[in-house]
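K.L.:
Got a file for you: data23.cif, mmCIF, N, CA and C atoms.
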```
data_upload
#
loop_
_atom_site.label_atom_id
_atom_site.label_comp_id
_atom_site.auth_asym_id
_atom_site.auth_seq_id
_atom_site.Cartn_x
_atom_site.Cartn_y
_atom_site.Cartn_z
N GLN A 3 101.66 47.17 100.31
CA GLN A 3 100.57 46.83 99.41
C GLN A 3 99.24 47.33 99.96
N VAL A 4 98.24 47.33 99.06
CA VAL A 4 96.90 47.72 99.45
C VAL A 4 95.90 46.95 98.60
N GLN A 5 94.83 46.50 99.20
CA GLN A 5 93.74 45.89 98.44
C GLN A 5 92.64 46.92 98.28
N LEU A 6 92.02 46.92 97.10
CA LEU A 6 90.99 47.89 96.76
C LEU A 6 89.73 47.15 96.34
N VAL A 7 88.59 47.57 96.87
CA VAL A 7 87.32 46.94 96.54
C VAL A 7 86.34 48.02 96.08
N GLU A 8 85.91 47.89 94.81
CA GLU A 8 84.94 48.84 94.26
C GLU A 8 83.52 48.37 94.53
N SER A 9 82.61 49.32 94.57
CA SER A 9 81.18 49.01 94.66
C SER A 9 80.41 50.19 94.09
N GLY A 10 79.12 49.95 93.82
CA GLY A 10 78.25 51.04 93.41
C GLY A 10 77.89 51.05 91.93
N GLY A 11 78.46 50.14 91.16
CA GLY A 11 78.10 50.10 89.76
C GLY A 11 76.69 49.56 89.55
N GLY A 12 76.24 49.60 88.29
CA GLY A 12 74.92 49.09 88.00
C GLY A 12 74.38 49.63 86.69
N LEU A 13 73.09 49.44 86.51
CA LEU A 13 72.39 49.89 85.31
C LEU A 13 71.62 51.17 85.65
N VAL A 14 71.78 52.17 84.81
CA VAL A 14 71.11 53.45 85.03
C VAL A 14 70.67 54.02 83.69
N GLN A 15 69.60 54.77 83.70
CA GLN A 15 69.13 55.39 82.47
C GLN A 15 69.95 56.63 82.14
N PRO A 16 70.01 56.99 80.87
CA PRO A 16 70.70 58.24 80.51
C PRO A 16 70.15 59.42 81.31
N GLY A 17 71.08 60.26 81.77
CA GLY A 17 70.72 61.38 82.62
C GLY A 17 70.71 61.06 84.09
N GLY A 18 70.84 59.80 84.44
CA GLY A 18 70.83 59.38 85.83
C GLY A 18 72.18 59.54 86.52
N SER A 19 72.22 59.10 87.77
CA SER A 19 73.42 59.24 88.60
C SER A 19 73.78 57.93 89.27
N LEU A 20 75.06 57.77 89.53
CA LEU A 20 75.58 56.67 90.33
C LEU A 20 76.73 57.20 91.16
N ARG A 21 76.99 56.56 92.29
CA ARG A 21 78.18 56.87 93.07
C ARG A 21 78.98 55.59 93.27
N LEU A 22 80.20 55.61 92.77
CA LEU A 22 81.12 54.48 92.96
C LEU A 22 81.95 54.71 94.21
N SER A 23 82.24 53.62 94.89
CA SER A 23 83.10 53.67 96.07
C SER A 23 84.29 52.74 95.87
N CYS A 24 85.40 53.12 96.46
CA CYS A 24 86.61 52.30 96.42
C CYS A 24 87.16 52.25 97.84
N ALA A 25 87.02 51.12 98.48
CA ALA A 25 87.48 50.96 99.86
C ALA A 25 88.88 50.36 99.87
N ALA A 26 89.78 51.00 100.60
CA ALA A 26 91.16 50.54 100.71
C ALA A 26 91.36 49.73 101.99
N SER A 27 92.30 48.80 101.93
CA SER A 27 92.53 47.90 103.06
C SER A 27 93.46 48.50 104.12
N ARG A 28 93.96 49.71 103.86
CA ARG A 28 94.86 50.35 104.80
C ARG A 28 94.59 51.85 104.78
N SER A 29 95.19 52.57 105.68
CA SER A 29 95.01 54.01 105.72
C SER A 29 95.43 54.63 104.39
N ILE A 30 94.56 55.45 103.84
CA ILE A 30 94.89 56.06 102.55
C ILE A 30 95.89 57.20 102.70
N PHE A 31 96.25 57.55 103.93
CA PHE A 31 97.30 58.55 104.11
C PHE A 31 98.64 58.04 103.58
N SER A 32 98.75 56.72 103.46
CA SER A 32 99.98 56.14 102.94
C SER A 32 100.01 56.09 101.41
N ILE A 33 98.94 56.56 100.79
CA ILE A 33 98.80 56.49 99.33
C ILE A 33 99.06 57.87 98.74
N ASN A 34 99.80 57.90 97.64
CA ASN A 34 100.12 59.18 97.00
C ASN A 34 98.91 59.73 96.23
N THR A 35 98.39 58.87 95.34
CA THR A 35 97.32 59.27 94.45
C THR A 35 96.33 58.13 94.29
N MET A 36 95.07 58.44 94.20
CA MET A 36 94.04 57.45 93.88
C MET A 36 93.22 57.96 92.71
N GLY A 37 92.58 57.05 92.03
CA GLY A 37 91.77 57.50 90.90
C GLY A 37 90.95 56.39 90.29
N TRP A 38 90.30 56.74 89.21
CA TRP A 38 89.43 55.83 88.47
C TRP A 38 89.82 55.81 87.00
N TYR A 39 89.92 54.61 86.48
CA TYR A 39 90.02 54.39 85.06
C TYR A 39 88.75 53.67 84.62
N ARG A 40 88.50 53.68 83.32
CA ARG A 40 87.40 52.90 82.78
C ARG A 40 87.83 52.26 81.47
N GLN A 41 87.18 51.15 81.17
CA GLN A 41 87.46 50.45 79.92
C GLN A 41 86.15 49.96 79.33
N ALA A 42 85.86 50.46 78.14
CA ALA A 42 84.68 50.04 77.40
C ALA A 42 85.07 48.90 76.46
N PRO A 43 84.10 48.08 76.05
CA PRO A 43 84.41 46.96 75.15
C PRO A 43 85.12 47.43 73.90
N GLY A 44 86.24 46.80 73.58
CA GLY A 44 86.98 47.12 72.38
C GLY A 44 87.80 48.39 72.45
N LYS A 45 87.87 49.00 73.62
CA LYS A 45 88.62 50.25 73.75
C LYS A 45 89.71 50.11 74.81
N GLN A 46 90.66 51.02 74.76
CA GLN A 46 91.73 51.02 75.75
C GLN A 46 91.23 51.60 77.07
N ARG A 47 91.89 51.20 78.14
CA ARG A 47 91.57 51.75 79.44
C ARG A 47 91.94 53.23 79.44
N GLU A 48 91.08 54.08 79.98
CA GLU A 48 91.34 55.51 80.00
C GLU A 48 91.14 56.07 81.40
N LEU A 49 91.93 57.10 81.71
CA LEU A 49 91.81 57.77 83.00
C LEU A 49 90.54 58.60 83.03
N VAL A 50 89.77 58.46 84.09
CA VAL A 50 88.55 59.24 84.27
C VAL A 50 88.81 60.41 85.21
N ALA A 51 89.38 60.12 86.36
CA ALA A 51 89.62 61.16 87.37
C ALA A 51 90.66 60.65 88.35
N GLN A 52 91.41 61.60 88.95
CA GLN A 52 92.33 61.22 89.99
C GLN A 52 92.42 62.31 91.03
N ILE A 53 92.86 61.91 92.24
CA ILE A 53 92.93 62.83 93.35
C ILE A 53 94.19 62.52 94.16
N THR A 54 94.88 63.57 94.58
CA THR A 54 95.99 63.36 95.49
C THR A 54 95.43 63.24 96.90
N ILE A 55 95.98 62.33 97.67
CA ILE A 55 95.42 62.07 98.99
C ILE A 55 95.87 63.13 99.99
N THR A 56 97.07 63.59 99.86
CA THR A 56 97.54 64.68 100.71
C THR A 56 97.63 65.94 99.84
N SER A 57 98.34 66.92 100.30
CA SER A 57 98.58 68.15 99.53
C SER A 57 97.27 68.79 99.07
N GLY A 58 96.26 68.78 99.92
CA GLY A 58 95.04 69.50 99.59
C GLY A 58 94.06 68.76 98.72
N GLY A 59 94.38 67.54 98.33
CA GLY A 59 93.43 66.76 97.56
C GLY A 59 93.15 67.31 96.18
N SER A 60 94.19 67.73 95.47
CA SER A 60 93.98 68.27 94.13
C SER A 60 93.44 67.18 93.21
N THR A 61 92.64 67.60 92.24
CA THR A 61 91.96 66.65 91.35
C THR A 61 92.20 67.00 89.89
N ASN A 62 92.05 66.01 89.04
CA ASN A 62 91.95 66.29 87.62
C ASN A 62 91.04 65.26 86.96
N TYR A 63 90.46 65.66 85.84
CA TYR A 63 89.43 64.88 85.18
C TYR A 63 89.68 64.79 83.69
N ALA A 64 89.19 63.72 83.11
CA ALA A 64 89.15 63.63 81.66
C ALA A 64 88.18 64.68 81.14
N ASP A 65 88.46 65.23 79.97
CA ASP A 65 87.60 66.26 79.40
C ASP A 65 86.16 65.75 79.23
N SER A 66 86.02 64.48 78.93
CA SER A 66 84.70 63.91 78.66
C SER A 66 83.79 63.86 79.89
N VAL A 67 84.36 63.99 81.09
CA VAL A 67 83.53 63.89 82.30
C VAL A 67 83.54 65.17 83.13
N LYS A 68 84.31 66.16 82.71
CA LYS A 68 84.36 67.42 83.47
C LYS A 68 82.97 68.04 83.59
N GLY A 69 82.65 68.47 84.81
CA GLY A 69 81.35 69.07 85.05
C GLY A 69 80.26 68.08 85.36
N ARG A 70 80.53 66.79 85.15
CA ARG A 70 79.52 65.76 85.42
C ARG A 70 79.95 64.82 86.55
N PHE A 71 81.24 64.53 86.63
CA PHE A 71 81.77 63.60 87.63
C PHE A 71 82.56 64.37 88.68
N THR A 72 82.50 63.87 89.92
CA THR A 72 83.26 64.46 91.01
C THR A 72 83.95 63.36 91.80
N ILE A 73 85.26 63.49 91.95
CA ILE A 73 86.04 62.53 92.74
C ILE A 73 86.30 63.12 94.11
N SER A 74 86.24 62.27 95.13
CA SER A 74 86.49 62.73 96.49
C SER A 74 87.04 61.59 97.32
N ARG A 75 87.54 61.91 98.52
CA ARG A 75 88.03 60.85 99.41
C ARG A 75 87.64 61.17 100.84
N ASP A 76 87.43 60.11 101.60
CA ASP A 76 87.12 60.22 103.02
C ASP A 76 88.24 59.48 103.75
N THR A 77 89.16 60.24 104.31
CA THR A 77 90.32 59.62 104.94
C THR A 77 89.95 58.82 106.19
N ALA A 78 88.87 59.21 106.85
CA ALA A 78 88.45 58.49 108.06
C ALA A 78 87.92 57.09 107.71
N LYS A 79 87.35 56.96 106.50
CA LYS A 79 86.80 55.67 106.06
C LYS A 79 87.72 54.94 105.09
N ASN A 80 88.87 55.54 104.80
CA ASN A 80 89.81 54.93 103.84
C ASN A 80 89.11 54.60 102.53
N THR A 81 88.30 55.53 102.06
CA THR A 81 87.46 55.29 100.89
C THR A 81 87.52 56.47 99.94
N MET A 82 87.52 56.14 98.66
CA MET A 82 87.46 57.14 97.60
C MET A 82 86.13 56.97 96.88
N TYR A 83 85.60 58.06 96.35
CA TYR A 83 84.30 58.03 95.69
C TYR A 83 84.38 58.66 94.30
N LEU A 84 83.46 58.27 93.45
CA LEU A 84 83.26 58.93 92.17
C LEU A 84 81.77 59.15 92.01
N GLN A 85 81.35 60.39 92.15
CA GLN A 85 79.96 60.75 91.93
C GLN A 85 79.78 61.05 90.45
N MET A 86 78.89 60.31 89.82
CA MET A 86 78.67 60.45 88.38
C MET A 86 77.25 60.92 88.13
N ASN A 87 77.13 62.11 87.57
CA ASN A 87 75.83 62.68 87.25
C ASN A 87 75.68 62.85 85.74
N SER A 88 74.46 63.04 85.31
CA SER A 88 74.17 63.26 83.88
C SER A 88 74.83 62.19 83.02
N LEU A 89 74.65 60.96 83.41
CA LEU A 89 75.32 59.86 82.72
C LEU A 89 74.83 59.70 81.30
N LYS A 90 75.75 59.31 80.43
CA LYS A 90 75.48 59.13 79.01
C LYS A 90 75.78 57.68 78.63
N PRO A 91 75.17 57.21 77.54
CA PRO A 91 75.48 55.84 77.10
C PRO A 91 76.97 55.61 76.90
N GLU A 92 77.70 56.63 76.45
CA GLU A 92 79.13 56.47 76.23
C GLU A 92 79.94 56.36 77.52
N ASP A 93 79.29 56.53 78.67
CA ASP A 93 79.97 56.29 79.95
C ASP A 93 79.96 54.81 80.32
N THR A 94 79.26 54.01 79.55
CA THR A 94 79.20 52.57 79.82
C THR A 94 80.58 51.95 79.73
N ALA A 95 80.99 51.29 80.79
CA ALA A 95 82.34 50.70 80.86
C ALA A 95 82.49 49.97 82.18
N VAL A 96 83.58 49.24 82.30
CA VAL A 96 84.00 48.73 83.61
C VAL A 96 84.89 49.80 84.23
N TYR A 97 84.60 50.18 85.44
CA TYR A 97 85.35 51.22 86.13
C TYR A 97 86.27 50.58 87.16
N PHE A 98 87.53 50.97 87.09
CA PHE A 98 88.57 50.41 87.96
C PHE A 98 89.13 51.49 88.88
N CYS A 99 89.25 51.14 90.12
CA CYS A 99 89.89 52.00 91.10
C CYS A 99 91.38 51.67 91.13
N TYR A 100 92.22 52.69 91.31
CA TYR A 100 93.65 52.41 91.46
C TYR A 100 94.22 53.28 92.58
N ALA A 101 95.35 52.82 93.10
CA ALA A 101 96.08 53.56 94.12
C ALA A 101 97.56 53.50 93.79
N ARG A 102 98.20 54.64 93.86
CA ARG A 102 99.63 54.68 93.59
C ARG A 102 100.37 54.89 94.90
N ILE A 103 101.18 53.90 95.22
CA ILE A 103 102.11 54.01 96.33
C ILE A 103 103.47 53.86 95.70
N PHE A 104 104.12 54.98 95.50
CA PHE A 104 105.33 55.04 94.68
C PHE A 104 106.30 53.92 95.06
N PRO A 105 106.83 53.16 94.09
CA PRO A 105 106.65 53.33 92.64
C PRO A 105 105.61 52.41 92.02
N SER A 106 104.74 51.81 92.84
CA SER A 106 103.81 50.80 92.33
C SER A 106 102.40 51.34 92.22
N ASN A 107 101.61 50.71 91.33
CA ASN A 107 100.18 50.95 91.22
C ASN A 107 99.43 49.69 91.62
N PHE A 108 98.32 49.86 92.31
CA PHE A 108 97.48 48.75 92.73
C PHE A 108 96.08 48.98 92.17
N TRP A 109 95.41 47.87 91.82
CA TRP A 109 94.12 47.96 91.13
C TRP A 109 93.06 47.16 91.83
N GLY A 110 91.82 47.65 91.74
CA GLY A 110 90.67 46.87 92.15
C GLY A 110 90.22 45.96 91.02
N GLN A 111 89.17 45.18 91.28
CA GLN A 111 88.68 44.22 90.30
C GLN A 111 87.77 44.84 89.26
N GLY A 112 87.25 46.01 89.53
CA GLY A 112 86.39 46.69 88.57
C GLY A 112 84.91 46.53 88.91
N THR A 113 84.13 47.51 88.50
CA THR A 113 82.67 47.45 88.67
C THR A 113 82.03 47.95 87.38
N GLN A 114 81.01 47.24 86.94
CA GLN A 114 80.35 47.55 85.67
C GLN A 114 79.36 48.69 85.83
N VAL A 115 79.47 49.65 84.93
CA VAL A 115 78.48 50.73 84.83
C VAL A 115 77.86 50.66 83.44
N THR A 116 76.55 50.54 83.39
CA THR A 116 75.84 50.47 82.12
C THR A 116 74.80 51.58 82.10
N VAL A 117 74.90 52.41 81.07
CA VAL A 117 73.95 53.51 80.90
C VAL A 117 73.10 53.21 79.67
N SER A 118 71.85 52.91 79.91
CA SER A 118 70.98 52.49 78.82
C SER A 118 69.52 52.70 79.20
N SER A 119 68.71 52.98 78.19
CA SER A 119 67.27 53.11 78.42
C SER A 119 66.56 51.79 78.14
#
```
Taking this structure as input, can you express it in the form of structure tokens?
P.N.:
Amino acid sequence: QVQLVESGGGLVQPGGSLRLSCAASRSIFSINTMGWYRQAPGKQRELVAQITITSGGSTNYADSVKGRFTISRDTAKNTMYLQMNSLKPEDTAVYFCYARIFPSNFWGQGTQVTVSS
């Protein structure tokens, strides 16, 4: 098992930036894949970005965030990040960190991101 703790959410104006962090309770070398989902009020949870921890750290992104968001990981700190730039009101959601240790998925509690003027 692994515990995940998100941080870095908050209120930001359109066009602004935030960096989310997801700290894992164990070495992330034991994790296959990590990523971020988000859920806006009244909508289904959707994948934002994911990264493989080994195998070169390949990434993929939702079309809606490509070119604006960057996912990364720091294996020395057992932490994953989501750098969010050029934020839009439609990015407003609760962002959840997840980790896949086959065959299970583990989730953080979520952090609120609100983009509003």
K.L.:
Let me know the residues the PyMOL selection byres (((chain A and resi 95 and name CA) around 8) and name CA) catches in the file above, as a PDB file with N, CA and C atoms, in the coordinates of the input.
P.N.:
```
ATOM      1  N   ARG A  40      88.500  53.680  83.320  1.00  0.00           N
ATOM      2  CA  ARG A  40      87.400  52.900  82.780  1.00  0.00           C
ATOM      3  C   ARG A  40      87.830  52.260  81.470  1.00  0.00           C
ATOM      4  N   GLN A  41      87.180  51.150  81.170  1.00  0.00           N
ATOM      5  CA  GLN A  41      87.460  50.450  79.920  1.00  0.00           C
ATOM      6  C   GLN A  41      86.150  49.960  79.330  1.00  0.00           C
ATOM      7  N   ALA A  42      85.860  50.460  78.140  1.00  0.00           N
ATOM      8  CA  ALA A  42      84.680  50.040  77.400  1.00  0.00           C
ATOM      9  C   ALA A  42      85.070  48.900  76.460  1.00  0.00           C
ATOM     10  N   PRO A  43      84.100  48.080  76.050  1.00  0.00           N
ATOM     11  CA  PRO A  43      84.410  46.960  75.150  1.00  0.00           C
ATOM     12  C   PRO A  43      85.120  47.430  73.900  1.00  0.00           C
ATOM     13  N   ASP A  93      79.290  56.530  78.670  1.00  0.00           N
ATOM     14  CA  ASP A  93      79.970  56.290  79.950  1.00  0.00           C
ATOM     15  C   ASP A  93      79.960  54.810  80.320  1.00  0.00           C
ATOM     16  N   THR A  94      79.260  54.010  79.550  1.00  0.00           N
ATOM     17  CA  THR A  94      79.200  52.570  79.820  1.00  0.00           C
ATOM     18  C   THR A  94      80.580  51.950  79.730  1.00  0.00           C
ATOM     19  N   VAL A  96      83.580  49.240  82.300  1.00  0.00           N
ATOM     20  CA  VAL A  96      84.000  48.730  83.610  1.00  0.00           C
ATOM     21  C   VAL A  96      84.890  49.800  84.230  1.00  0.00           C
ATOM     22  N   TYR A  97      84.600  50.180  85.440  1.00  0.00           N
ATOM     23  CA  TYR A  97      85.350  51.220  86.130  1.00  0.00           C
ATOM     24  C   TYR A  97      86.270  50.580  87.160  1.00  0.00           C
ATOM     25  N   GLN A 114      81.010  47.240  86.940  1.00  0.00           N
ATOM     26  CA  GLN A 114      80.350  47.550  85.670  1.00  0.00           C
ATOM     27  C   GLN A 114      79.360  48.690  85.830  1.00  0.00           C
ATOM     28  N   VAL A 115      79.470  49.650  84.930  1.00  0.00           N
ATOM     29  CA  VAL A 115      78.480  50.730  84.830  1.00  0.00           C
ATOM     30  C   VAL A 115      77.860  50.660  83.440  1.00  0.00           C
ATOM     31  N   THR A 116      76.550  50.540  83.390  1.00  0.00           N
ATOM     32  CA  THR A 116      75.840  50.470  82.120  1.00  0.00           C
ATOM     33  C   THR A 116      74.800  51.580  82.100  1.00  0.00           C
TER      34      THR A 116
END
```
K.L.:
From the list A:Arg75, A:Arg47, A:Arg28, A:Arg102, which residue is nearest Ser60 of chain A when using only C-alpha atoms?
P.N.:
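Smallest distance to Ser60 of chain A is found for A:Arg75.
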K.L.:
Measure the distance from atom CA of Lys45 of chain A to atom N of Asp65 of chain A in Å and round it to one decimal.
P.N.:
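Atom CA of Lys45 of chain A sits 16.2 Å away from atom N of Asp65 of chain A.
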K.L.:
Go through A:Ser32, A:Thr72, A:Gln15, A:Ser118 one by one, measure the shortest atom-to-atom distance of each to Met86 of chain A using all atoms listed in the file, and give the residue with the smallest value.
P.N.:
A:Thr72
K.L.:
Can you turn the PyMOL selection byres ((chain A and resi 103-106) around 6) into a concrete residue list for this file, as a list in words?
P.N.:
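So the PyMOL selection byres ((chain A and resi 103-106) around 6) ends up selecting Ser32, Ile33, Asn34, Thr35, Ala101, Arg102, Asn107 and Phe108 of chain A.
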K.L.:
Between A:Met82, A:Ile73, A:Cys99, A:Leu89, which one has atoms that come closest to Leu13 of chain A, using only C-alpha atoms?
P.N.:
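That would be A:Leu89, the residue with the smallest distance to Leu13 of chain A.
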K.L.:
Any idea what the distance is between atom CA of Trp38 of chain A and atom CA of Ala78 of chain A?
P.N.:
19.8 Å
K.L.:
Atom N of Gly112 of chain A to atom CA of Gly58 of chain A: how many Å, to one decimal?
P.N.:
26.7 Å
K.L.:
Applying 8 Å and all atoms listed in the file, which residues near Asn62 of chain A remain after dropping the ones on its own chain fewer than 3 positions away? List them as a PyMOL selection string.
P.N.:
chain A and resi 49-54+59+65+68+73
K.L.:
For Lys79 of chain A, work out the shell of residues within 7 Å, counting all atoms listed in the file and skipping chain neighbours fewer than 3 positions away, then give it as an mmCIF file with N, CA and C atoms, in the coordinates of the input.
P.N.:
```cif
data_model
loop_
_atom_site.group_PDB
_atom_site.id
_atom_site.type_symbol
_atom_site.label_atom_id
_atom_site.label_comp_id
_atom_site.auth_asym_id
_atom_site.auth_seq_id
_atom_site.Cartn_x
_atom_site.Cartn_y
_atom_site.Cartn_z
ATOM 1 N N ALA A 25 87.020 51.120 98.480
ATOM 2 C CA ALA A 25 87.480 50.960 99.860
ATOM 3 C C ALA A 25 88.880 50.360 99.870
ATOM 4 N N ALA A 26 89.780 51.000 100.600
ATOM 5 C CA ALA A 26 91.160 50.540 100.710
ATOM 6 C C ALA A 26 91.360 49.730 101.990
ATOM 7 N N ILE A 30 94.560 55.450 103.840
ATOM 8 C CA ILE A 30 94.890 56.060 102.550
ATOM 9 C C ILE A 30 95.890 57.200 102.700
ATOM 10 N N ASP A 76 87.430 60.110 101.600
ATOM 11 C CA ASP A 76 87.120 60.220 103.020
ATOM 12 C C ASP A 76 88.240 59.480 103.750
ATOM 13 N N MET A 82 87.520 56.140 98.660
ATOM 14 C CA MET A 82 87.460 57.140 97.600
ATOM 15 C C MET A 82 86.130 56.970 96.880
#
```
K.L.:
Just the strand (DSSP E or B) stuff from chain A, please, per backbone DSSP, written as number ranges by chain.
P.N.:
A: 6-9, 12-14, 20-26, 35-41, 48-54, 61-63, 71-76, 81-86, 95-103, 106-109, 113-117
